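**Q** Below you'll find the structure I mean.
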Amino acid sequence: MKFFANFREAAGREQERVEGVADVASLIDELVRRFGKKLVEQLYERGTRRLRETVHILVNGRGINLLEGLNTHLKDGDVIAIFPPVSGGGSLTPEELERYSRQILIRGFGEEGQEKLKRAHVLVAGLGGLGCPASAYLVAAGIGHLTILDAERVELSNLNRQILHWQLDVRRSKAGSAIEKLWAMNPMAKIDSRLEKITRGNSNKLVRDADIVVDGMDNYPTRYLLNEACVRNRIPFIHGAVEGLVGQLATILPGEGPCLRCIIPKEPPLKPVFPVLGTTPGVIGCLQAMEAIKLIVGVGRPLVGKMLFFNGEDMTFDIIEARRDPNCPVCKGV
Ligand SMILES: [Zn+2]
């Protein structure tokens, strides 16, 4: 069983099953036989049987050379992705197509989804237990522009959960420590770091340019400031919070569902130090990145009007419905 991807222009669908071909060259012959002239125009230099330089072929996620690679033997279960030039001017380079090939294959994702990620700007506010995994997965997925924000320095007691900060980073700024790891992870991403504290005075300015804001905070006063700034600017806000072995997640779409203040009207008591196992923000931060990616690409259904609770003690995920408060001081009238 073999598949090829991203021939929507030629085939009207993204995947096709091909059986009984021995190598890449005969796979291409079979596809040309099926889809004819339109595919020939996309694959070959005009009037020749030479593949265009812009065609990119991956066998099980690995790029092949367009000359000798055509002899690559194929067996049942192989996944072949062929990327011809996309009409409308695809902006992904061959390297990007290879790097993101496994997610481009996801139904509803495609090159278009990847291009949306490349154009997106996400603000991760806070580089602690939630912000570290969230920003790492966003950068790995190909978010084009990430702003990371944290005014604090790395402490030894952060290292059980703030996985972008390592032993040698203790006493460095969290923003400086994180940006170094994120760049090493994906040099294609544009990342900028800010060492600011979030205040009522600067919250608007901080969120305004972002397409999505991820809540990596460890306290409610700043979460509420971010929530307000996001509602005011109609920017999606992905809320996450953890303690011990439990965590929660909600996606705030201003104007479409409840805001954080509707769901949690009163600030829980402030705890300067609370227990947390690193895997708990690992789970929630990862889900925050997933919600952000889903919103940008347009796949799946976001967690709007709901709150997810994760309990690691007995490994349960529960989702409750959350409604807008018609008298909410933050989102009323939005
Ligand atoms: Zn509200």
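Each chain of the structure tokens is named A, B, ... in the order shown, its residues numbered from 1; ligands are numbered from 1 in display order.
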Near A:Gly47, counting only C-alpha atoms, which residues have an atom at most 12 Å away, once you skip same-chain residues fewer than 6 positions from it, shown as a list in words?
**A**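 Surrounding residues, per the criterion: Lys37, Val40 and Glu41 of chain A.
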**Q** Counting only C-alpha atoms and all ligand atoms, what residues are within 8 Å of ligand 1, given as a VMD selection string?
**A** chain A and resid 258 to 263 324 to 332
**Q** Given only C-alpha atoms as the basis, pick out the residue of A:Asp23, A:Glu30, A:Glu228, A:Asp218 nearest to A:Val59.
**A**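 Going through A:Asp23, A:Glu30, A:Glu228, A:Asp218 one by one, the smallest distance to A:Val59 is for A:Asp23.
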**Q** Which residue out of A:Arg34, A:Ala22, A:Arg46, A:Pro236 has the minimum interatomic distance to A:Thr72 when only C-alpha atoms are used?
**A**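 Closest candidate: A:Ala22.
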**Q** Please return as a list of chain:residue names: the residues of stretch 93-228 of chain A that backbone DSSP assigns to strand (DSSP E).
**A**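 DSSP on the backbone gives strand (DSSP E) at A:His121, A:Val122, A:Leu123, A:Val124, A:Ala125, A:His145, A:Leu146, A:Thr147, A:Ile148, A:Leu149, A:Lys190, A:Ile191, A:Asp192, A:Ser193, A:Arg194, A:Ile212, A:Val213, A:Val214, A:Asp215.
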**Q** Which residues are close to A:Leu164, i.e. within 9 Å by only C-alpha atoms, leaving aside same-chain residues fewer than 5 positions away? Reply as a list of chain:residue names.
**A**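 Non-adjacent residues within range: A:Leu127, A:Gly128, A:Cys132, A:Pro133, A:Ala136, A:Leu159, A:Lys174, A:Ser177, A:Ala178, A:Ile179, A:Glu180, A:Lys181, A:Leu182.
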**Q** So which residues of stretch 162-294 of chain A fall under helix (DSSP H, G or I) by DSSP, listed as a VMD selection string?
**A** chain A and resid 167 to 169 174 to 185 203 to 208 220 to 233 260 to 263 279 to 294
**Q** Which residue, A:Ser101, A:Ser157, A:Ser91, A:Thr199, has the smallest gap to A:Leu226 when you use only C-alpha atoms?
**A**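 Closest candidate: A:Thr199.
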**Q** Point out the residue among A:Ala134, A:Val231, A:Val21, A:Leu92 with the least atom-to-atom distance to A:Ile293, counting only C-alpha atoms.
**A** A:Ala134
**Q** Give me, please, the distance in Å between atom CA of A:Trp166 and atom CA of A:Gln103, quoted to one decimal.
**A** 28.8 Å
**Q** So, with only C-alpha atoms as the atoms that count, which of A:Gly126, A:Gly257, A:Pro94, A:Pro268 lies closest to A:Val213?
**A**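 Checking each candidate against A:Val213, we get A:Gly126 as the closest.
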**Q** Can you tell me, as a PyMOL selection string, what residues are no more than 12 Å from A:His121 when counting only C-alpha atoms, ignoring any on the same chain fewer than 3 positions away?
**A** chain A and resi 116-118+124+135+138-139+142-148+189-192+207-214+235-236+292-293+296
**Q** Quote the spacing between atom CA of A:Glu321 and atom CA of A:Lys306 in Å to one decimal place.
**A**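 Distance reported for this atom pair: 4.5 Å.
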**Q** I need the residue nearest A:Asn158 from this list: A:Pro302, A:Lys75, A:Ala322, A:Val273. Use only C-alpha atoms for the distance.
**A**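 Once distances to A:Asn158 are computed over only C-alpha atoms, the minimum belongs to A:Val273.
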**Q** With only C-alpha atoms as the counted atoms, please give the residues lying no more than 12 Å from stretch 96-100 of chain A, apart from itself and same-chain residues fewer than 3 positions off, as a PyMOL selection string.
**A** chain A and resi 5-6+54-64+80-85+90-93+103-106+109-115+117-118+139-144+185-189
**Q** Which residues are close to A:Val334, i.e. within 9 Å by only C-alpha atoms, leaving aside same-chain residues fewer than 6 positions away? Reply as a list in words.
**A**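 Once the nearby chain positions are removed, what remains is Val231, Arg232, Arg234, Pro254, Gly255 and Glu256 of chain A.
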**Q** Please provide the set of residues having any atom within 10 Å of stretch 309-314 of chain A, restricted to only C-alpha atoms, with same-chain residues fewer than 4 positions apart removed, written as a PyMOL selection string.
**A** chain A and resi 240-250+277+279-280+283-284+318-320
